[in-house]
Amino acid sequence: MKKKNGFLLLLLTGCLVFYACKKNFSDEQYIPDNTTKLPDLTSTITASVSGFITDQNGAAVSGAQVTGGTQTATTNLYGYFKLSNISLGKLAGFVKVSMAGYFSGYRTFIANAGKETFIRLQLIPKTAVGTINAVTGGSASTTDGGIVTLPVNAVVVASNNMAYTGTVHVAVYWINPAADNLQRTMPGNLLGIDTAGYLKALTTYGMLAVELTDDAGDLLQIATGKHATLSFPILSSLTASAPASIALWSFNETNGLWKQEDSAIKNGSNYVGNVSHFSYWNCDIGQNAVSFTTQIVNSALSPVSNVPVEISYDNQPNASRIAYTDTSGFVYGIIPGNSDLTLTVLNACNTSIYSKSFTTANANVDFGTIAVNLGIIEFDIVGTVVDCNNAPITNGNVIIAGVSGLNYYADIHNGEFKTTILSCSSNSLSASLIAIDNGTNQQTPLQSINLTPGLNKLDTISICNISQDQYVTVSVDGGVPVSFVVPLNVTSVAALYSGGITAIRSITSNLDTLNITFQDSLATGNNFTMVDKVSNPIGSSLLRMGTDRYSNLTAGLMNITEYGVVGNFISGNFTCTFNIWNGTAQVHSVTCSFRVKRTG
């Protein structure tokens, strides 16, 4: 496979117009104007965005909060989200992704008015690499050479700007500019505003994500007038081309762009620079930005989606970026001007099927339509989706999961959906399918499908009376029931009882059990195994209890009313009493009903 790294920017998103009525991209896209000092950061458009959120291993992240404009969505079991008809910046539309245990993720894109952009974003784990005494200062470093150094008495509480004198917990992550997954993990899209106010396409030599917290997990920042020092490792393959001084850019979380703030000096195999606050920081060279677009069609002149398009510097063949055509065969975005570049179209086997060298000046680049012979196997999937009354679904989507480790989606239009998956092999593909009605918040059961090369016309799919909603409702000692939306973060959610039970700590499900963990007034976890799905999936069974010396289950039956396969729902209810030992035994009763998805 060809090596990809982060030198070159290709900001790609979908035009989503039919091939037969292709518009010039200037009709709807932001066009950089290098004669204008300040780019337009105020104009907005209304558009939609959807996509998949995964962790560092490529596994779906369920329960992440995705915010775009003023709307927020929660990723489902497959990491999928959709935000419809939201207000986005015309130059830089972006979404923010929040999930406990991870740095916030950001994806910036050039949106189309009235159209939908598709993204894939990979969250970065937030792992503490060390602690620093706020009074004396000190350093913390990553295993790959990223270093954060705090001076003496330079830390404040972020929420109130009060001086902080305790232990500083430092989480740092170095983003490798040569990583194959750079485009999915990095914040933004390598587009920034320099100190003179010009829009720039960025060439990155590495990034650092940094977050400081106190013992309670509250955010800390650098005090006004103070500076911390960051050290960025320089890859050995980039040392020769790395300039002696490079601009330092911070990520602006309000507009989704990078902001040039200072500079870093090359010191051996590291760039070292001072920063006045913590967020994402980036060592970059900025170049003038020009727009780029093209459409890829097959030999029959039909648009093809998910085809990799690579652009690289001619004098640095390994410095390249790759993006994929949308459902209408388009790729477009912003690339560096005044550069010698090569465009390469690759098939799913990573084989070049088209190549073209070109030079950018300060003019925008439109290659029109490029016809290619893919030389690969297409799996076309079409189907019809209806509701309980056999009426076509008008606002929904289909998720096709587990295709060679990736998930795909297709929108449902007037009851119909279609998508194409490309493969190097003519062997059949196994996948799972679930259809969702966004209008009624209902879905189908998860079903297995087998795909063969060519056209795969599926049987009519019916979405009927299966809710997407997950919940756990608990009442302690006859009190007012408290409901929780699943999935929950493993943090205290709400007070249930002032003396004994204080909170629900976590709710998890796997192949064998569904657990609810209560927390008592002594902060000891009391783990109740609520569902024995293997021994008795439907009907009543004894409620089992986890090991904890502070509690003792005295009575209880679990009634299972719904038992789905992986990806579908487990529903039920129970009432029980138990003891909490707090000097003397305290007896409490709990009534609970629940509906959660099986995750394994």
# chains A, B, ... in the order shown; residues from 1 in each chain; ligands from 1
$ select_by_dssp --residues "segment 105-290 of chain A" --states "helix (DSSP H, G or I)" --output "list of chain:residue names"
A:Leu182, A:Gln183, A:Arg184, A:Thr185
$ residues_around --residues "segment 285-293 of chain A" --least-positions-apart "2" --cutoff "7 Å" --atoms "only C-alpha atoms" --output "list in words"
Ile31, Pro32, Leu199, Lys200, Ala201, Leu202, Thr203, Thr204, Ile246, Ala247, Val331, Tyr332, Gly333, Ile334, Ile335, Pro336, Gly337, Asn362, Ala363, Asn364, Val365, Asp366 and Phe367 of chain A
$ write_last_selection --atoms "N, CA and C atoms" --output "compact mmCIF listing (two decimals), in the first residue's frame"
# COMPACT_ATOMS: atom_id res chain seq x y z
N ILE A 31 -15.10 29.79 -2.62
CA ILE A 31 -13.94 29.92 -3.50
C ILE A 31 -12.92 30.84 -2.84
N PRO A 32 -11.74 30.33 -2.52
CA PRO A 32 -10.73 31.20 -1.92
C PRO A 32 -10.39 32.37 -2.84
N LEU A 199 -6.35 33.18 4.28
CA LEU A 199 -6.70 31.76 4.32
C LEU A 199 -5.53 30.95 3.77
N LYS A 200 -5.11 29.90 4.50
CA LYS A 200 -3.97 29.10 4.11
C LYS A 200 -4.29 27.61 4.14
N ALA A 201 -3.76 26.90 3.15
CA ALA A 201 -3.74 25.44 3.18
C ALA A 201 -2.46 25.03 3.88
N LEU A 202 -2.56 24.11 4.84
CA LEU A 202 -1.46 23.84 5.75
C LEU A 202 -0.75 22.53 5.42
N THR A 203 0.55 22.53 5.66
CA THR A 203 1.38 21.35 5.56
C THR A 203 1.89 21.04 6.96
N THR A 204 1.47 19.92 7.55
CA THR A 204 1.75 19.66 8.95
C THR A 204 3.02 18.83 9.15
N ILE A 246 9.25 27.18 12.31
CA ILE A 246 7.96 26.83 11.70
C ILE A 246 6.85 27.49 12.50
N ALA A 247 5.76 27.84 11.82
CA ALA A 247 4.64 28.50 12.48
C ALA A 247 3.92 27.52 13.41
N VAL A 331 -15.28 14.66 -5.94
CA VAL A 331 -14.38 15.09 -4.88
C VAL A 331 -14.07 16.54 -5.14
N TYR A 332 -14.01 17.33 -4.09
CA TYR A 332 -13.63 18.72 -4.25
C TYR A 332 -13.24 19.28 -2.89
N GLY A 333 -12.59 20.43 -2.92
CA GLY A 333 -12.17 21.03 -1.68
C GLY A 333 -11.12 22.08 -1.93
N ILE A 334 -10.12 22.16 -1.07
CA ILE A 334 -9.09 23.19 -1.17
C ILE A 334 -7.72 22.54 -1.10
N ILE A 335 -6.82 22.95 -2.01
CA ILE A 335 -5.47 22.41 -2.09
C ILE A 335 -4.48 23.59 -2.16
N PRO A 336 -3.19 23.35 -1.94
CA PRO A 336 -2.21 24.44 -2.01
C PRO A 336 -2.05 24.97 -3.43
N GLY A 337 -1.91 26.30 -3.55
CA GLY A 337 -1.60 26.91 -4.83
C GLY A 337 -0.10 26.93 -5.06
N ASN A 362 -2.60 30.56 -8.70
CA ASN A 362 -3.56 31.11 -7.74
C ASN A 362 -4.98 30.99 -8.26
N ALA A 363 -5.16 30.17 -9.30
CA ALA A 363 -6.48 29.97 -9.88
C ALA A 363 -7.05 28.64 -9.41
N ASN A 364 -8.38 28.58 -9.33
CA ASN A 364 -9.04 27.35 -8.91
C ASN A 364 -8.96 26.29 -10.01
N VAL A 365 -8.99 25.03 -9.61
CA VAL A 365 -8.76 23.91 -10.52
C VAL A 365 -10.02 23.06 -10.63
N ASP A 366 -10.51 22.87 -11.85
CA ASP A 366 -11.67 22.01 -12.10
C ASP A 366 -11.31 21.08 -13.25
N PHE A 367 -11.14 19.79 -12.94
CA PHE A 367 -10.78 18.81 -13.96
C PHE A 367 -11.99 18.25 -14.70
$ atom_distance --atom1 "atom CA of Leu446 of chain A" --atom2 "atom CA of Asp380 of chain A"
20.0 Å
$ residues_around --residues "segment 451-460 of chain A" --least-positions-apart "6" --cutoff "7 Å" --atoms "only C-alpha atoms" --output "number ranges by chain"
A: 377-385, 426, 428-430
$ atom_distance --atom1 "atom CA of Ser263 of chain A" --atom2 "atom CA of Cys283 of chain A"
8.1 Å
$ residues_around --residues "Val157 of chain A" --least-positions-apart "5" --cutoff "10 Å" --atoms "only C-alpha atoms" --output "MDAnalysis selection string"
chainID A and resid 162:165 212:214 218:223
$ write_last_selection --atoms "N, CA and C atoms" --output "compact mmCIF listing (two decimals), in the first residue's frame"
# COMPACT_ATOMS: atom_id res chain seq x y z
N MET A 162 -9.13 31.12 38.83
CA MET A 162 -8.48 31.19 40.14
C MET A 162 -7.19 30.39 40.12
N ALA A 163 -6.18 30.87 40.85
CA ALA A 163 -4.89 30.19 40.91
C ALA A 163 -5.06 28.77 41.45
N TYR A 164 -4.32 27.84 40.88
CA TYR A 164 -4.38 26.43 41.29
C TYR A 164 -3.00 26.02 41.79
N THR A 165 -2.98 25.34 42.95
CA THR A 165 -1.69 24.99 43.57
C THR A 165 -1.54 23.50 43.81
N LEU A 212 -5.16 19.64 30.65
CA LEU A 212 -4.77 19.63 32.06
C LEU A 212 -6.01 19.54 32.92
N THR A 213 -5.99 18.70 33.96
CA THR A 213 -7.12 18.58 34.89
C THR A 213 -6.60 18.49 36.31
N ASP A 214 -7.49 18.80 37.29
CA ASP A 214 -7.14 18.64 38.69
C ASP A 214 -7.53 17.25 39.17
N ASP A 218 -11.60 18.44 36.86
CA ASP A 218 -11.97 19.74 36.33
C ASP A 218 -10.82 20.31 35.49
N LEU A 219 -11.19 21.05 34.44
CA LEU A 219 -10.20 21.57 33.50
C LEU A 219 -9.35 22.67 34.12
N LEU A 220 -8.07 22.64 33.77
CA LEU A 220 -7.12 23.68 34.17
C LEU A 220 -6.58 24.35 32.90
N GLN A 221 -6.04 25.58 33.09
CA GLN A 221 -5.44 26.30 31.97
C GLN A 221 -4.21 27.04 32.45
N ILE A 222 -3.48 27.66 31.51
CA ILE A 222 -2.31 28.46 31.83
C ILE A 222 -2.77 29.85 32.27
N ALA A 223 -2.17 30.39 33.29
CA ALA A 223 -2.52 31.71 33.80
C ALA A 223 -2.18 32.79 32.78
$ residues_around --residues "segment 150-153 of chain A" --least-positions-apart "3" --cutoff "8 Å" --atoms "only C-alpha atoms" --output "list in words"
Ile132, Ala134, Val135, Thr136, Gly137, Gly138, Ser139, Ala163, Tyr164, Thr165, Lys226, His227, Ala228 and Thr229 of chain A
$ closest_atom_pairs --of "segment 173-242 of chain A" --to "segment 83-101 of chain A" --cutoff "10 Å" --atoms "only C-alpha atoms" --output "JSON lines"
{"residue": "A:Pro187", "atom": "CA", "partner": "A:Lys96", "partner_atom": "CA", "distance": 9.2}
{"residue": "A:Gly188", "atom": "CA", "partner": "A:Phe94", "partner_atom": "CA", "distance": 7.5}
{"residue": "A:Asn189", "atom": "CA", "partner": "A:Ala92", "partner_atom": "CA", "distance": 9.1}
{"residue": "A:Leu191", "atom": "CA", "partner": "A:Ala92", "partner_atom": "CA", "distance": 8.8}
$ write_last_selection --atoms "N, CA and C atoms" --output "JSON list (two decimals), in the first residue's frame"
[["chain", "number", "residue", "atom", "x", "y", "z"],
["A", 187, "PRO", "N", -7.95, 17.24, 14.17],
["A", 187, "PRO", "CA", -9.07, 18.18, 14.21],
["A", 187, "PRO", "C", -9.07, 19.07, 12.98],
["A", 188, "GLY", "N", -10.24, 19.51, 12.57],
["A", 188, "GLY", "CA", -10.34, 20.42, 11.43],
["A", 188, "GLY", "C", -10.08, 19.75, 10.11],
["A", 189, "ASN", "N", -9.45, 20.48, 9.19],
["A", 189, "ASN", "CA", -9.14, 19.94, 7.87],
["A", 189, "ASN", "C", -7.88, 20.58, 7.28],
["A", 191, "LEU", "N", -6.92, 23.64, 7.30],
["A", 191, "LEU", "CA", -7.18, 24.95, 6.72],
["A", 191, "LEU", "C", -7.09, 25.95, 7.85]]
$ closest_residue --among "A:Asn338, A:Asn390, A:Thr74, A:Thr149" --to "Phe278 of chain A" --atoms "only C-alpha atoms"
A:Thr149
$ atom_distance --atom1 "atom CA of Thr185 of chain A" --atom2 "atom CA of Lys115 of chain A"
24.2 Å
$ residues_around --residues "Gly58 of chain A" --least-positions-apart "4" --cutoff "9 Å" --atoms "only C-alpha atoms" --output "PyMOL selection string"
chain A and resi 53-54+122+405-406
$ decode --residues "segment 149-176 of chain A" --atoms "N, CA and C atoms" --output "mmCIF file, in the first residue's frame"
data_model
loop_
_atom_site.group_PDB
_atom_site.id
_atom_site.type_symbol
_atom_site.label_atom_id
_atom_site.label_comp_id
_atom_site.auth_asym_id
_atom_site.auth_seq_id
_atom_site.Cartn_x
_atom_site.Cartn_y
_atom_site.Cartn_z
ATOM 1 N N THR A 149 5.866 21.237 29.237
ATOM 2 C CA THR A 149 6.596 21.781 30.387
ATOM 3 C C THR A 149 5.848 22.993 30.933
ATOM 4 N N LEU A 150 5.542 22.958 32.243
ATOM 5 C CA LEU A 150 4.851 24.062 32.907
ATOM 6 C C LEU A 150 5.835 24.827 33.786
ATOM 7 N N PRO A 151 5.806 26.161 33.742
ATOM 8 C CA PRO A 151 6.651 26.935 34.659
ATOM 9 C C PRO A 151 6.035 26.970 36.058
ATOM 10 N N VAL A 152 6.703 27.601 37.012
ATOM 11 C CA VAL A 152 6.211 27.676 38.391
ATOM 12 C C VAL A 152 4.978 28.578 38.454
ATOM 13 N N ASN A 153 4.021 28.182 39.292
ATOM 14 C CA ASN A 153 2.835 28.997 39.587
ATOM 15 C C ASN A 153 2.184 29.554 38.321
ATOM 16 N N ALA A 154 1.882 28.684 37.383
ATOM 17 C CA ALA A 154 1.380 29.140 36.082
ATOM 18 C C ALA A 154 0.038 28.521 35.708
ATOM 19 N N VAL A 155 -0.672 27.910 36.686
ATOM 20 C CA VAL A 155 -1.883 27.173 36.365
ATOM 21 C C VAL A 155 -3.072 27.788 37.096
ATOM 22 N N VAL A 156 -4.215 27.876 36.390
ATOM 23 C CA VAL A 156 -5.455 28.367 36.981
ATOM 24 C C VAL A 156 -6.567 27.373 36.680
ATOM 25 N N VAL A 157 -7.657 27.469 37.464
ATOM 26 C CA VAL A 157 -8.851 26.687 37.188
ATOM 27 C C VAL A 157 -9.559 27.327 36.003
ATOM 28 N N ALA A 158 -9.840 26.543 34.972
ATOM 29 C CA ALA A 158 -10.367 27.105 33.728
ATOM 30 C C ALA A 158 -11.717 27.778 33.915
ATOM 31 N N SER A 159 -12.550 27.274 34.819
ATOM 32 C CA SER A 159 -13.912 27.786 34.964
ATOM 33 C C SER A 159 -13.979 29.144 35.644
ATOM 34 N N ASN A 160 -12.998 29.464 36.509
ATOM 35 C CA ASN A 160 -13.073 30.732 37.253
ATOM 36 C C ASN A 160 -11.779 31.535 37.251
ATOM 37 N N ASN A 161 -10.747 31.029 36.596
ATOM 38 C CA ASN A 161 -9.455 31.718 36.487
ATOM 39 C C ASN A 161 -8.767 31.920 37.833
ATOM 40 N N MET A 162 -9.129 31.121 38.829
ATOM 41 C CA MET A 162 -8.482 31.192 40.138
ATOM 42 C C MET A 162 -7.189 30.389 40.123
ATOM 43 N N ALA A 163 -6.182 30.874 40.850
ATOM 44 C CA ALA A 163 -4.892 30.186 40.907
ATOM 45 C C ALA A 163 -5.064 28.770 41.451
ATOM 46 N N TYR A 164 -4.320 27.835 40.882
ATOM 47 C CA TYR A 164 -4.378 26.433 41.293
ATOM 48 C C TYR A 164 -3.001 26.016 41.793
ATOM 49 N N THR A 165 -2.978 25.341 42.950
ATOM 50 C CA THR A 165 -1.692 24.990 43.569
ATOM 51 C C THR A 165 -1.543 23.495 43.814
ATOM 52 N N GLY A 166 -2.445 22.697 43.282
ATOM 53 C CA GLY A 166 -2.394 21.265 43.542
ATOM 54 C C GLY A 166 -1.670 20.487 42.457
ATOM 55 N N THR A 167 -2.052 19.210 42.337
ATOM 56 C CA THR A 167 -1.448 18.321 41.339
ATOM 57 C C THR A 167 -2.131 18.510 39.992
ATOM 58 N N VAL A 168 -1.339 18.650 38.962
ATOM 59 C CA VAL A 168 -1.852 18.802 37.600
ATOM 60 C C VAL A 168 -1.726 17.461 36.880
ATOM 61 N N HIS A 169 -2.847 16.933 36.417
ATOM 62 C CA HIS A 169 -2.852 15.691 35.636
ATOM 63 C C HIS A 169 -2.769 16.069 34.154
ATOM 64 N N VAL A 170 -1.760 15.564 33.485
ATOM 65 C CA VAL A 170 -1.467 15.974 32.113
ATOM 66 C C VAL A 170 -1.808 14.839 31.145
ATOM 67 N N ALA A 171 -2.742 15.106 30.220
ATOM 68 C CA ALA A 171 -3.061 14.172 29.133
ATOM 69 C C ALA A 171 -2.511 14.751 27.835
ATOM 70 N N VAL A 172 -1.685 13.972 27.141
ATOM 71 C CA VAL A 172 -1.055 14.441 25.904
ATOM 72 C C VAL A 172 -1.118 13.322 24.865
ATOM 73 N N TYR A 173 -1.345 13.705 23.611
ATOM 74 C CA TYR A 173 -1.324 12.740 22.514
ATOM 75 C C TYR A 173 -0.647 13.383 21.315
ATOM 76 N N TRP A 174 0.399 12.737 20.783
ATOM 77 C CA TRP A 174 1.080 13.220 19.582
ATOM 78 C C TRP A 174 0.403 12.632 18.359
ATOM 79 N N ILE A 175 0.007 13.502 17.432
ATOM 80 C CA ILE A 175 -0.626 13.079 16.186
ATOM 81 C C ILE A 175 0.445 13.014 15.109
ATOM 82 N N ASN A 176 0.724 11.810 14.664
ATOM 83 C CA ASN A 176 1.794 11.530 13.708
ATOM 84 C C ASN A 176 1.416 12.052 12.326
#
